[in-house]
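Reproduced below: final_36.txt, with compact mmCIF, C-alpha atoms and all ligand atoms.
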# COMPACT_ATOMS: atom_id res chain seq x y z
CA MET M 1 40.93 15.76 148.15
CA ASN M 2 38.71 18.79 148.71
CA ILE M 3 35.43 17.28 149.83
CA LEU M 4 32.13 19.10 150.22
CA VAL M 5 30.44 17.67 153.31
CA THR M 6 26.73 18.53 153.29
CA GLY M 7 25.19 18.26 156.75
CA GLY M 8 28.72 18.22 158.16
CA VAL M 9 27.74 19.96 161.40
CA GLY M 10 25.53 16.99 162.37
CA TYR M 11 26.27 13.75 164.20
CA ILE M 12 27.73 11.50 161.49
CA GLY M 13 29.09 14.36 159.37
CA SER M 14 31.13 15.80 162.25
CA HIS M 15 32.76 12.43 162.99
CA THR M 16 33.48 11.92 159.30
CA ALA M 17 35.07 15.39 159.04
CA VAL M 18 37.53 14.41 161.78
CA LYS M 19 38.51 11.24 159.86
CA LEU M 20 38.87 13.19 156.60
CA ILE M 21 41.14 15.79 158.22
CA GLU M 22 43.22 13.08 159.91
CA ALA M 23 43.67 11.39 156.52
CA GLY M 24 44.95 14.63 154.98
CA HIS M 25 41.81 15.68 153.14
CA THR M 26 40.05 19.06 153.30
CA PRO M 27 36.38 18.96 154.26
CA ILE M 28 34.32 22.00 153.29
CA VAL M 29 31.07 22.03 155.23
CA VAL M 30 27.67 23.27 154.14
CA ASP M 31 24.79 23.01 156.61
CA SER M 32 21.54 24.89 157.25
CA LEU M 33 21.80 24.13 161.00
CA VAL M 34 18.16 22.96 160.95
CA ASN M 35 19.15 20.09 163.25
CA SER M 36 22.62 20.92 164.54
CA ASN M 37 24.78 23.34 166.48
CA VAL M 38 27.90 25.09 165.12
CA GLU M 39 29.66 24.30 168.37
CA SER M 40 30.54 20.93 166.79
CA LEU M 41 32.83 22.78 164.35
CA ALA M 42 34.76 24.35 167.23
CA ARG M 43 35.06 20.91 168.83
CA ILE M 44 36.41 19.41 165.59
CA GLU M 45 39.01 22.16 165.56
CA GLN M 46 39.93 21.20 169.13
CA ILE M 47 40.36 17.55 168.13
CA THR M 48 42.24 18.07 164.87
CA GLY M 49 43.86 21.50 165.22
CA THR M 50 42.29 22.39 161.88
CA LYS M 51 39.61 24.99 161.23
CA GLN M 52 37.12 23.96 158.59
CA LEU M 53 35.64 26.18 155.96
CA PHE M 54 31.91 26.40 156.80
CA TYR M 55 29.00 27.79 154.80
CA LYS M 56 25.63 28.21 156.48
CA ALA M 57 23.21 27.52 153.64
CA ASP M 58 20.24 25.38 152.76
CA LEU M 59 21.09 23.01 149.92
CA ARG M 60 17.82 23.96 148.24
CA ASP M 61 19.27 27.46 147.69
CA ARG M 62 20.77 26.84 144.25
CA ASP M 63 22.55 30.22 144.03
CA ALA M 64 24.24 29.70 147.38
CA LEU M 65 25.34 26.18 146.46
CA ASP M 66 26.55 27.28 143.04
CA ALA M 67 28.65 30.00 144.68
CA ILE M 68 30.24 27.41 147.00
CA PHE M 69 31.16 25.22 144.03
CA SER M 70 32.50 28.26 142.15
CA SER M 71 34.79 29.36 144.94
CA ASN M 72 36.21 25.89 145.81
CA ARG M 73 37.84 23.29 143.58
CA LEU M 74 35.88 20.26 144.76
CA ASP M 75 36.93 16.65 144.10
CA ALA M 76 33.99 14.92 145.77
CA VAL M 77 30.81 15.36 147.80
CA ILE M 78 29.62 13.45 150.85
CA HIS M 79 25.91 14.12 151.21
CA PHE M 80 24.72 13.79 154.82
CA ALA M 81 22.26 16.69 154.81
CA GLY M 82 18.70 15.58 155.46
CA LEU M 83 15.95 15.32 158.02
CA LYS M 84 15.93 11.97 159.80
CA ALA M 85 13.14 11.65 162.36
CA VAL M 86 10.93 8.75 161.32
CA GLY M 87 7.91 9.79 163.46
CA GLU M 88 8.06 13.43 162.38
CA SER M 89 8.17 12.33 158.73
CA THR M 90 4.77 10.66 159.08
CA GLU M 91 3.33 13.91 160.54
CA LYS M 92 5.01 16.24 158.00
CA PRO M 93 5.59 14.18 154.86
CA LEU M 94 5.79 17.20 152.54
CA TYR M 95 8.42 18.83 154.72
CA TYR M 96 10.49 15.64 154.46
CA TYR M 97 10.01 15.20 150.73
CA GLN M 98 10.79 18.87 150.07
CA ASN M 99 13.86 18.98 152.26
CA ASN M 100 15.42 15.61 151.45
CA LEU M 101 14.52 15.37 147.74
CA ASP M 102 14.72 19.01 146.58
CA SER M 103 18.09 19.44 148.27
CA THR M 104 19.47 16.37 146.50
CA LEU M 105 18.10 17.47 143.13
CA VAL M 106 19.78 20.86 143.48
CA LEU M 107 23.01 19.20 144.62
CA LEU M 108 23.07 16.78 141.66
CA ASP M 109 22.37 19.63 139.26
CA VAL M 110 25.11 21.88 140.66
CA MET M 111 27.58 18.95 140.72
CA GLN M 112 26.83 18.37 137.04
CA ALA M 113 27.28 22.07 136.21
CA HIS M 114 30.71 22.04 137.89
CA ALA M 115 31.76 18.56 136.64
CA VAL M 116 32.15 17.12 140.16
CA LYS M 117 31.77 13.39 139.61
CA LYS M 118 32.23 11.63 142.96
CA LEU M 119 29.29 11.40 145.37
CA VAL M 120 28.77 9.39 148.55
CA PHE M 121 25.24 9.45 149.99
CA SER M 122 23.87 8.62 153.46
CA SER M 123 21.28 5.97 152.79
CA SER M 124 19.79 3.60 155.31
CA ALA M 125 18.98 -0.04 155.93
CA THR M 126 15.40 1.18 156.01
CA VAL M 127 15.31 0.91 152.17
CA TYR M 128 15.13 -2.90 152.50
CA GLY M 129 11.71 -2.74 154.17
CA SER M 130 11.01 -6.18 155.61
CA ALA M 131 13.29 -8.90 154.22
CA PRO M 132 15.03 -12.07 155.43
CA VAL M 133 18.20 -11.40 157.47
CA PRO M 134 20.97 -10.68 156.87
CA TYR M 135 20.16 -7.86 154.47
CA VAL M 136 22.12 -8.18 151.23
CA GLU M 137 22.63 -5.38 148.68
CA THR M 138 21.19 -7.56 145.91
CA TYR M 139 17.76 -7.56 147.57
CA PRO M 140 15.22 -5.38 145.78
CA ALA M 141 14.92 -2.06 147.64
CA GLY M 142 11.84 0.09 148.23
CA GLN M 143 9.28 -2.60 149.11
CA GLY M 144 7.43 -2.28 152.41
CA ILE M 145 9.10 0.92 153.64
CA THR M 146 6.84 2.09 156.47
CA ASN M 147 7.40 5.87 156.50
CA PRO M 148 8.10 8.96 154.33
CA TYR M 149 11.63 9.37 155.75
CA GLY M 150 12.56 5.91 154.51
CA ARG M 151 10.99 6.60 151.15
CA THR M 152 13.10 9.75 150.73
CA LYS M 153 16.18 7.54 151.08
CA TYR M 154 14.86 5.12 148.47
CA PHE M 155 13.87 7.92 146.06
CA VAL M 156 17.30 9.57 146.34
CA GLU M 157 18.92 6.20 145.60
CA GLU M 158 16.78 5.90 142.45
CA MET M 159 17.67 9.46 141.39
CA MET M 160 21.38 8.76 141.81
CA SER M 161 21.09 5.52 139.86
CA ASP M 162 19.33 7.25 136.95
CA VAL M 163 21.83 10.11 136.84
CA ALA M 164 24.77 7.68 136.96
CA LYS M 165 23.29 5.76 134.01
CA SER M 166 23.28 8.96 131.96
CA ASP M 167 27.02 9.61 132.34
CA ASP M 168 29.49 6.75 132.69
CA THR M 169 32.18 8.94 134.24
CA LEU M 170 30.15 9.46 137.43
CA GLU M 171 31.18 7.59 140.59
CA PHE M 172 28.15 7.44 142.90
CA THR M 173 27.81 5.35 146.07
CA SER M 174 24.90 4.97 148.47
CA LEU M 175 26.04 3.75 151.87
CA ARG M 176 23.22 1.95 153.64
CA TYR M 177 23.84 2.56 157.33
CA PHE M 178 22.56 0.21 159.97
CA ASN M 179 22.23 1.76 163.48
CA PRO M 180 24.88 4.39 164.24
CA VAL M 181 25.86 4.71 167.93
CA GLY M 182 28.87 5.89 169.95
CA ALA M 183 30.91 9.06 169.86
CA HIS M 184 34.45 10.27 169.33
CA PRO M 185 36.58 8.87 172.21
CA SER M 186 37.62 12.42 173.23
CA GLY M 187 34.04 13.09 174.38
CA LEU M 188 34.14 16.39 172.45
CA ILE M 189 31.66 15.46 169.70
CA GLY M 190 28.67 13.14 169.79
CA GLU M 191 24.98 12.76 169.09
CA ASN M 192 22.95 15.84 170.10
CA PRO M 193 19.24 15.10 169.64
CA ASN M 194 16.68 17.88 169.97
CA GLY M 195 14.04 17.17 172.61
CA THR M 196 13.10 13.61 173.48
CA PRO M 197 15.39 11.15 171.68
CA ASN M 198 13.74 8.77 169.22
CA ASN M 199 16.68 6.40 169.11
CA LEU M 200 17.72 3.87 171.70
CA MET M 201 21.30 4.88 172.58
CA PRO M 202 20.68 8.58 173.25
CA TYR M 203 17.65 7.61 175.32
CA ILE M 204 19.79 5.26 177.41
CA THR M 205 22.51 7.90 177.94
CA GLN M 206 19.92 10.50 178.98
CA VAL M 207 18.52 8.07 181.56
CA ALA M 208 22.06 7.39 182.77
CA VAL M 209 22.82 11.09 183.19
CA GLY M 210 19.54 11.67 185.07
CA LYS M 211 17.66 13.65 182.42
CA ARG M 212 14.99 10.93 182.06
CA ASP M 213 13.52 8.58 184.67
CA LYS M 214 13.56 5.32 182.82
CA LEU M 215 13.89 3.76 179.41
CA GLY M 216 10.75 2.45 177.70
CA ILE M 217 11.45 -0.76 175.80
CA PHE M 218 9.12 -1.17 172.84
CA GLY M 219 8.01 -4.79 173.12
CA ASP M 220 9.50 -7.91 174.73
CA ASN M 221 7.51 -10.51 172.83
CA TYR M 222 9.32 -10.58 169.48
CA ASP M 223 10.75 -13.88 168.24
CA THR M 224 14.31 -12.89 169.25
CA ILE M 225 16.90 -14.01 171.80
CA ASP M 226 15.13 -12.23 174.70
CA GLY M 227 11.96 -10.94 173.04
CA THR M 228 13.28 -7.39 172.43
CA GLY M 229 14.09 -5.90 169.02
CA VAL M 230 17.41 -6.74 167.38
CA ARG M 231 19.52 -4.27 165.36
CA ASP M 232 23.02 -4.00 163.94
CA TYR M 233 24.66 -1.19 165.95
CA ILE M 234 27.71 0.38 164.38
CA HIS M 235 30.17 2.77 166.06
CA VAL M 236 30.01 6.19 164.41
CA ASP M 237 33.82 6.22 163.99
CA ASP M 238 33.62 2.94 162.04
CA LEU M 239 30.87 4.50 159.97
CA ALA M 240 33.00 7.62 159.40
CA GLU M 241 35.89 5.48 158.18
CA GLY M 242 33.49 3.74 155.82
CA HIS M 243 32.99 7.07 154.03
CA LEU M 244 36.71 7.51 153.55
CA ALA M 245 36.90 3.96 152.15
CA ALA M 246 33.99 4.67 149.80
CA LEU M 247 35.80 7.74 148.41
CA ILE M 248 39.13 5.94 148.01
CA HIS M 249 37.56 2.91 146.30
CA ALA M 250 35.04 4.83 144.18
CA THR M 251 34.62 3.47 140.66
CA PRO M 252 32.38 4.58 137.78
CA GLY M 253 28.71 3.70 138.06
CA TYR M 254 26.14 3.58 140.85
CA HIS M 255 26.85 1.30 143.81
CA THR M 256 25.03 0.45 147.04
CA VAL M 257 27.01 -0.82 150.02
CA ASN M 258 25.85 -1.82 153.52
CA LEU M 259 27.74 -0.32 156.45
CA GLY M 260 27.04 -2.57 159.41
CA SER M 261 28.88 -4.99 161.65
CA GLY M 262 26.98 -8.05 160.47
CA ARG M 263 25.89 -8.81 164.03
CA GLY M 264 22.56 -8.34 165.74
CA THR M 265 22.20 -7.05 169.31
CA SER M 266 18.94 -6.94 171.25
CA VAL M 267 17.67 -3.92 173.19
CA LEU M 268 18.29 -5.70 176.49
CA GLU M 269 21.77 -6.77 175.41
CA LEU M 270 22.62 -3.16 174.58
CA VAL M 271 21.19 -1.94 177.90
CA HIS M 272 23.29 -4.48 179.81
CA ALA M 273 26.44 -3.68 177.83
CA PHE M 274 25.88 -0.01 178.63
CA GLU M 275 25.39 -0.73 182.33
CA VAL M 276 28.74 -2.52 182.46
CA ALA M 277 30.55 0.16 180.42
CA ALA M 278 29.15 3.08 182.40
CA GLY M 279 28.87 1.42 185.81
CA VAL M 280 25.27 2.62 186.18
CA THR M 281 21.90 0.89 186.31
CA ILE M 282 19.37 1.75 183.61
CA PRO M 283 15.83 1.42 184.97
CA TYR M 284 13.39 0.37 182.26
CA LYS M 285 9.78 -0.62 181.72
CA ILE M 286 8.33 -2.72 178.94
CA LEU M 287 5.95 -0.82 176.66
CA PRO M 288 3.83 -2.04 173.73
CA ARG M 289 5.58 -2.52 170.39
CA ARG M 290 6.29 0.72 168.48
CA SER M 291 4.36 0.97 165.26
CA GLY M 292 6.52 0.39 162.18
CA ASP M 293 9.33 -1.41 164.06
CA LEU M 294 10.71 -4.62 162.59
CA PRO M 295 11.59 -7.46 164.98
CA ALA M 296 15.19 -8.03 163.92
CA TYR M 297 17.65 -7.11 161.21
CA TYR M 298 21.37 -6.86 160.60
CA ALA M 299 23.72 -6.43 157.67
CA ASP M 300 25.49 -8.79 155.37
CA ALA M 301 28.71 -6.80 155.62
CA SER M 302 30.73 -8.80 153.07
CA LEU M 303 30.44 -6.38 150.14
CA ALA M 304 31.92 -3.52 152.19
CA ALA M 305 34.83 -5.82 153.06
CA SER M 306 35.53 -6.91 149.47
CA ARG M 307 34.73 -3.68 147.65
CA LEU M 308 35.85 -1.03 150.13
CA ASN M 309 38.35 -3.06 152.18
CA TRP M 310 36.38 -1.83 155.20
CA ARG M 311 34.99 -3.63 158.23
CA THR M 312 34.01 -2.56 161.71
CA THR M 313 36.81 -2.63 164.29
CA ARG M 314 34.95 -1.26 167.31
CA THR M 315 32.66 -3.25 169.61
CA ILE M 316 29.30 -2.55 171.21
CA GLU M 317 31.21 -2.09 174.48
CA ASP M 318 33.41 0.58 172.82
CA ALA M 319 30.29 2.34 171.56
CA CYS M 320 28.64 2.26 175.00
CA ARG M 321 31.79 3.60 176.69
CA ASP M 322 32.16 6.41 174.14
CA SER M 323 28.46 7.36 174.18
CA TRP M 324 28.60 7.57 177.96
CA ASN M 325 31.85 9.58 177.90
CA TRP M 326 30.21 12.09 175.52
CA GLN M 327 26.92 12.33 177.45
CA SER M 328 28.51 12.57 180.89
CA LYS M 329 30.92 15.31 179.76
CA ASN M 330 28.13 17.17 177.90
CA PRO M 331 24.86 16.58 179.79
CA GLU M 332 23.16 19.28 177.70
CA GLY M 333 24.87 18.30 174.44
CA TYR M 334 26.30 21.37 172.68
CA ASN M 335 23.82 23.74 174.35
P1 LIG A 401 21.97 15.03 161.82
O1 LIG A 401 20.59 15.61 161.87
O2 LIG A 401 22.81 15.11 163.04
O3 LIG A 401 22.78 15.70 160.60
C1 LIG A 401 22.15 16.09 159.40
C2 LIG A 401 22.57 17.51 159.11
O4 LIG A 401 21.96 17.96 157.89
C3 LIG A 401 22.17 18.50 160.20
O5 LIG A 401 23.31 19.21 160.62
C4 LIG A 401 21.15 19.41 159.51
O6 LIG A 401 21.19 20.73 160.02
C5 LIG A 401 21.57 19.31 158.06
N1 LIG A 401 20.52 19.59 157.05
C6 LIG A 401 19.30 19.03 156.96
N2 LIG A 401 18.64 19.49 155.89
C7 LIG A 401 19.48 20.38 155.27
C8 LIG A 401 19.39 21.17 154.10
N3 LIG A 401 18.28 21.18 153.34
N4 LIG A 401 20.44 21.95 153.75
C9 LIG A 401 21.57 21.95 154.51
N5 LIG A 401 21.71 21.22 155.63
C10 LIG A 401 20.68 20.43 156.00
O7 LIG A 401 21.82 13.51 161.34
P2 LIG A 401 22.90 12.34 161.27
O8 LIG A 401 22.52 11.31 162.27
O9 LIG A 401 24.27 12.89 161.29
O10 LIG A 401 22.55 11.75 159.84
C11 LIG A 401 23.27 12.12 158.68
C12 LIG A 401 22.61 11.44 157.48
O11 LIG A 401 22.61 10.03 157.69
C13 LIG A 401 21.14 11.84 157.27
O12 LIG A 401 20.89 11.94 155.90
C14 LIG A 401 20.39 10.66 157.86
O13 LIG A 401 19.11 10.50 157.28
C15 LIG A 401 21.30 9.50 157.52
N6 LIG A 401 21.11 8.33 158.39
C16 LIG A 401 21.18 8.51 159.74
C17 LIG A 401 20.94 7.41 160.59
C18 LIG A 401 20.97 7.59 162.08
O14 LIG A 401 20.39 6.76 162.79
N7 LIG A 401 21.64 8.61 162.62
C19 LIG A 401 20.66 6.14 160.04
C20 LIG A 401 20.63 6.01 158.65
C21 LIG A 401 20.86 7.11 157.84
N1 LIG A 402 13.84 1.22 171.19
C1 LIG A 402 13.30 1.10 172.45
N2 LIG A 402 13.11 2.23 173.17
C2 LIG A 402 13.43 3.46 172.72
C3 LIG A 402 14.00 3.58 171.43
C4 LIG A 402 14.18 2.43 170.69
O1 LIG A 402 12.99 0.00 172.89
O2 LIG A 402 13.22 4.46 173.43
C5 LIG A 402 14.08 0.00 170.39
C6 LIG A 402 13.31 -0.06 169.10
O3 LIG A 402 12.05 -0.61 169.29
C7 LIG A 402 14.24 -0.92 168.24
C8 LIG A 402 15.64 -0.55 168.74
O4 LIG A 402 15.45 -0.01 170.04
O5 LIG A 402 14.02 -2.27 168.50
C9 LIG A 402 16.35 0.47 167.87
O6 LIG A 402 15.50 1.61 167.70
P1 LIG A 402 16.05 3.00 167.14
O7 LIG A 402 14.91 3.95 167.16
O8 LIG A 402 17.30 3.39 167.84
O9 LIG A 402 16.46 2.66 165.64
P2 LIG A 402 15.59 2.06 164.44
O10 LIG A 402 16.18 0.75 164.11
O11 LIG A 402 14.15 2.12 164.72
O12 LIG A 402 15.85 3.15 163.29
C10 LIG A 402 17.16 3.52 162.90
C11 LIG A 402 17.22 4.99 162.49
C12 LIG A 402 16.44 5.23 161.22
C13 LIG A 402 16.84 4.29 160.16
C14 LIG A 402 16.76 2.89 160.64
C15 LIG A 402 17.29 1.99 159.58
O13 LIG A 402 16.68 5.81 163.50
O14 LIG A 402 16.76 6.54 160.77
O15 LIG A 402 17.55 2.73 161.82
O16 LIG A 402 18.08 1.01 160.01
F1 LIG A 402 16.05 4.43 159.06
Produce structure tokens that represent the structure in this file.
Amino acid sequence: MNILVTGGVGYIGSHTAVKLIEAGHTPIVVDSLVNSNVESLARIEQITGTKQLFYKADLRDRDALDAIFSSNRLDAVIHFAGLKAVGESTEKPLYYYQNNLDSTLVLLDVMQAHAVKKLVFSSSATVYGSAPVPYVETYPAGQGITNPYGRTKYFVEEMMSDVAKSDDTLEFTSLRYFNPVGAHPSGLIGENPNGTPNNLMPYITQVAVGKRDKLGIFGDNYDTIDGTGVRDYIHVDDLAEGHLAALIHATPGYHTVNLGSGRGTSVLELVHAFEVAAGVTIPYKILPRRSGDLPAYYADASLAASRLNWRTTRTIEDACRDSWNWQSKNPEGYN
């Protein structure tokens, strides 16, 4: 298949491009580079021996996107492009709504104009808000989302659902990711956050490599195994393979599928797993709870198994080893 990969220069898109190429597909990347570095494309070429077609464009530029669809026979789209920083989205909600919603509206419109019917979208477990664990796809989405970023995910899901209802030949899937971590085992591609990392794993790896003094742990008095927050961490290569499975098993209609391991891991458990994998000590201090954080959640991963014939195969230890391999080989990321 020829697959347009929006946001394909970024963290999850770059790992997915490798899996697509290895499975014999042709990814065609469009990215504005607002949060990524083209060096990842050179690294993908190093891993796969294949040079990808790349267009630097903002998805909101309808003429540019239309030209890409006109000059390539596309079979499907994987839509990763979007801004993802939860804190920044509360400071700049319009920027988030404009970027994440307008880009998807233009994409859906151009797909319709060119009769491209298969779409896989990067959604998030954040659409569940606060709900009993494990999170199941049948739960109502959109209640109790605490930030504009999360609402953009929910609104895009609703847009896709409405569009799919209007044309029963469309095959649309929202993949609700839990917490992506890890890196390609080569150490050539990985997560490359700008500035201070918001997420736990890149913070840990930056402490390990000496860029930061110590990790701050947001709360140790939750009702969890050790008082720290619990999440469902998923290796980015498992996640990437989930996209391939979603394309292969696409069927008409609009579908939502969780991509998670089905297991919860606490902050301290992840820190200790990392210390063993990397052979380093991670100094930390306990800070107050972070506003908007939920105590604990993880996926019901059974629908992905039955519908997509997909399940995670990599462990937390694999993810820690691969994150450390990436960070230690690239202390400054792609810069
Ligand atoms: P990333 O920032 O590394 O990649 C996103 C890419 O999209 C970047 O390369 C960026 O330059 C590009 N982009 C943003 N807006 C664009 C636009 N208007 N036009 C063209 N390109 C644009 O992020 P990631 O971690 O790879 O995440 C990929 C997707 O998965 C995002 O939609 C994100 O919201 C979603 N997601 C990520 C996580 C996570 O923790 N990483 C969790 C759940 C969902
Ligand atoms: N944490 C710390 N210290 C840090 C960073 C995080 O203790 O420096 C803790 C958090 O409090 C939480 C856990 O580590 O308990 C995971 O936090 P992350 O920021 O890594 O991830 P979140 O679960 O908060 O959010 C992630 C993505 C969002 C997505 C959400 C949905 O960043 O984009 O998952 O599952 F919406």
Across M:Thr152, M:Asn179, M:Ser323, M:Ser71, the smallest distance to ligand LIG 401 (chain A), with all atoms listed in the file counted, is shown by M:Asn179
Smallest atom-to-atom distance to M:Gly210: which of M:Gly82, M:Gly129, M:Gly195, M:Pro283, using only C-alpha atoms?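 Among the listed residues, M:Pro283 lies closest to M:Gly210.
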Identify which of the residues M:Pro193, M:Gly182, M:Pro140, M:Gly150 lies closest to ligand LIG 402 (chain A), counting only C-alpha atoms and all ligand atoms when measuring atom-to-atom distances.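 When distances to ligand LIG 402 (chain A) are compared using only C-alpha atoms and all ligand atoms, the smallest one comes from M:Gly150.
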Can you measure atom C10 of ligand LIG 402 (chain A) to atom CA of M:Thr126 for me? One decimal in Å is fine. 7.5 Å
What do you get as number ranges by chain if you pick all residues at most 9 Å from ligand LIG 402 (chain A), counting all atoms listed in the file? M: 84-86, 123-128, 149-150, 153, 176-181, 197-204, 215-220, 228-233, 266-268, 286-287, 289-298
Next, write the just-selected residues to a file, as a CSV table (one decimal), in the coordinates of the input, keeping C-alpha atoms as the atom set.
chain,number,residue,atom,x,y,z
M,84,LYS,CA,15.9,12.0,159.8
M,85,ALA,CA,13.1,11.6,162.4
M,86,VAL,CA,10.9,8.8,161.3
M,123,SER,CA,21.3,6.0,152.8
M,124,SER,CA,19.8,3.6,155.3
M,125,ALA,CA,19.0,0.0,155.9
M,126,THR,CA,15.4,1.2,156.0
M,127,VAL,CA,15.3,0.9,152.2
M,128,TYR,CA,15.1,-2.9,152.5
M,149,TYR,CA,11.6,9.4,155.8
M,150,GLY,CA,12.6,5.9,154.5
M,153,LYS,CA,16.2,7.5,151.1
M,176,ARG,CA,23.2,2.0,153.6
M,177,TYR,CA,23.8,2.6,157.3
M,178,PHE,CA,22.6,0.2,160.0
M,179,ASN,CA,22.2,1.8,163.5
M,180,PRO,CA,24.9,4.4,164.2
M,181,VAL,CA,25.9,4.7,167.9
M,197,PRO,CA,15.4,11.2,171.7
M,198,ASN,CA,13.7,8.8,169.2
M,199,ASN,CA,16.7,6.4,169.1
M,200,LEU,CA,17.7,3.9,171.7
M,201,MET,CA,21.3,4.9,172.6
M,202,PRO,CA,20.7,8.6,173.2
M,203,TYR,CA,17.6,7.6,175.3
M,204,ILE,CA,19.8,5.3,177.4
M,215,LEU,CA,13.9,3.8,179.4
M,216,GLY,CA,10.8,2.4,177.7
M,217,ILE,CA,11.4,-0.8,175.8
M,218,PHE,CA,9.1,-1.2,172.8
M,219,GLY,CA,8.0,-4.8,173.1
M,220,ASP,CA,9.5,-7.9,174.7
M,228,THR,CA,13.3,-7.4,172.4
M,229,GLY,CA,14.1,-5.9,169.0
M,230,VAL,CA,17.4,-6.7,167.4
M,231,ARG,CA,19.5,-4.3,165.4
M,232,ASP,CA,23.0,-4.0,163.9
M,233,TYR,CA,24.7,-1.2,166.0
M,266,SER,CA,18.9,-6.9,171.2
M,267,VAL,CA,17.7,-3.9,173.2
M,268,LEU,CA,18.3,-5.7,176.5
M,286,ILE,CA,8.3,-2.7,178.9
M,287,LEU,CA,6.0,-0.8,176.7
M,289,ARG,CA,5.6,-2.5,170.4
M,290,ARG,CA,6.3,0.7,168.5
M,291,SER,CA,4.4,1.0,165.3
M,292,GLY,CA,6.5,0.4,162.2
M,293,ASP,CA,9.3,-1.4,164.1
M,294,LEU,CA,10.7,-4.6,162.6
M,295,PRO,CA,11.6,-7.5,165.0
M,296,ALA,CA,15.2,-8.0,163.9
M,297,TYR,CA,17.6,-7.1,161.2
M,298,TYR,CA,21.4,-6.9,160.6
Could you tell me how far atom CA of M:Phe54 lies from atom CA of M:Ala81, in Å and to one decimal?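 Computing it gives 13.8 Å between the two atoms.
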Sorted by chain and rising residue number, list the residues of stretch 35-72 of chain M at most 12 Å from stretch 13-17 of chain M (counting only C-alpha atoms), each with its closest atom pair and distance in Å to one decimal, as a Markdown table.
| residue | atom | partner | partner_atom | distance |
| --- | --- | --- | --- | --- |
| M:Ser36 | CA | M:Ser14 | CA | 10.2 |
| M:Asn37 | CA | M:Ser14 | CA | 10.7 |
| M:Val38 | CA | M:Ser14 | CA | 10.2 |
| M:Glu39 | CA | M:Ser14 | CA | 10.6 |
| M:Ser40 | CA | M:Ser14 | CA | 6.9 |
| M:Leu41 | CA | M:Ser14 | CA | 7.5 |
| M:Ala42 | CA | M:Ser14 | CA | 10.5 |
| M:Arg43 | CA | M:Ser14 | CA | 9.2 |
| M:Ile44 | CA | M:Ser14 | CA | 7.2 |
| M:Glu45 | CA | M:Ala17 | CA | 10.2 |
| M:Ile47 | CA | M:His15 | CA | 10.5 |
| M:Thr48 | CA | M:Ala17 | CA | 9.6 |
| M:Thr50 | CA | M:Ala17 | CA | 10.4 |
| M:Lys51 | CA | M:Ala17 | CA | 10.8 |
| M:Gln52 | CA | M:Ala17 | CA | 8.8 |
| M:Leu53 | CA | M:Ala17 | CA | 11.2 |
| M:Phe54 | CA | M:Ala17 | CA | 11.7 |
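Considering the residues M:Thr173, M:Gln46, M:Thr6, M:Thr313 and counting all atoms listed in the file, ligand LIG 401 (chain A) has its shortest atom-to-atom contact with M:Thr6.
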Polymer residues at most 9 Å from M:Leu105, only C-alpha atoms, same-chain spacing of 5 or more positions, as a list in words: Arg60, Asn100, Val110, Val156 and Met159 of chain M
Between M:Thr138, M:Asn335, M:Thr251, M:Asn258, which one has atoms that come closest to M:Ala299, using all atoms listed in the file?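 With all atoms listed in the file as the atom set, the closest residue is M:Asn258.
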Nearest to ligand LIG 401 (chain A), chosen from M:Val5, M:Leu108, M:Ala67, M:Ala301, with all atoms listed in the file counted in the distances: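 Looking only at the distances to ligand LIG 401 (chain A), the closest residue turns out to be M:Val5.
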Would you list the residues near (34.0, 9.1, 171.6) (no more than 12 Å away, in the coordinates of the file, using all atoms listed in the file) as a VMD selection string? chain M and resid 11 14 to 15 18 47 181 to 191 235 to 238 314 317 to 330
Kindly extract all protein, DNA and RNA residues lying within 7 Å of the coordinates (28.6, -5.6, 163.3) given in the file, considering all atoms listed in the file, and supply them as a PyMOL selection string. chain M and resi 232-234+260-263+312
re atom O2 of ligand LIG 401 (chain A) and atom CA of M:Ala277: distance 24.2 Å
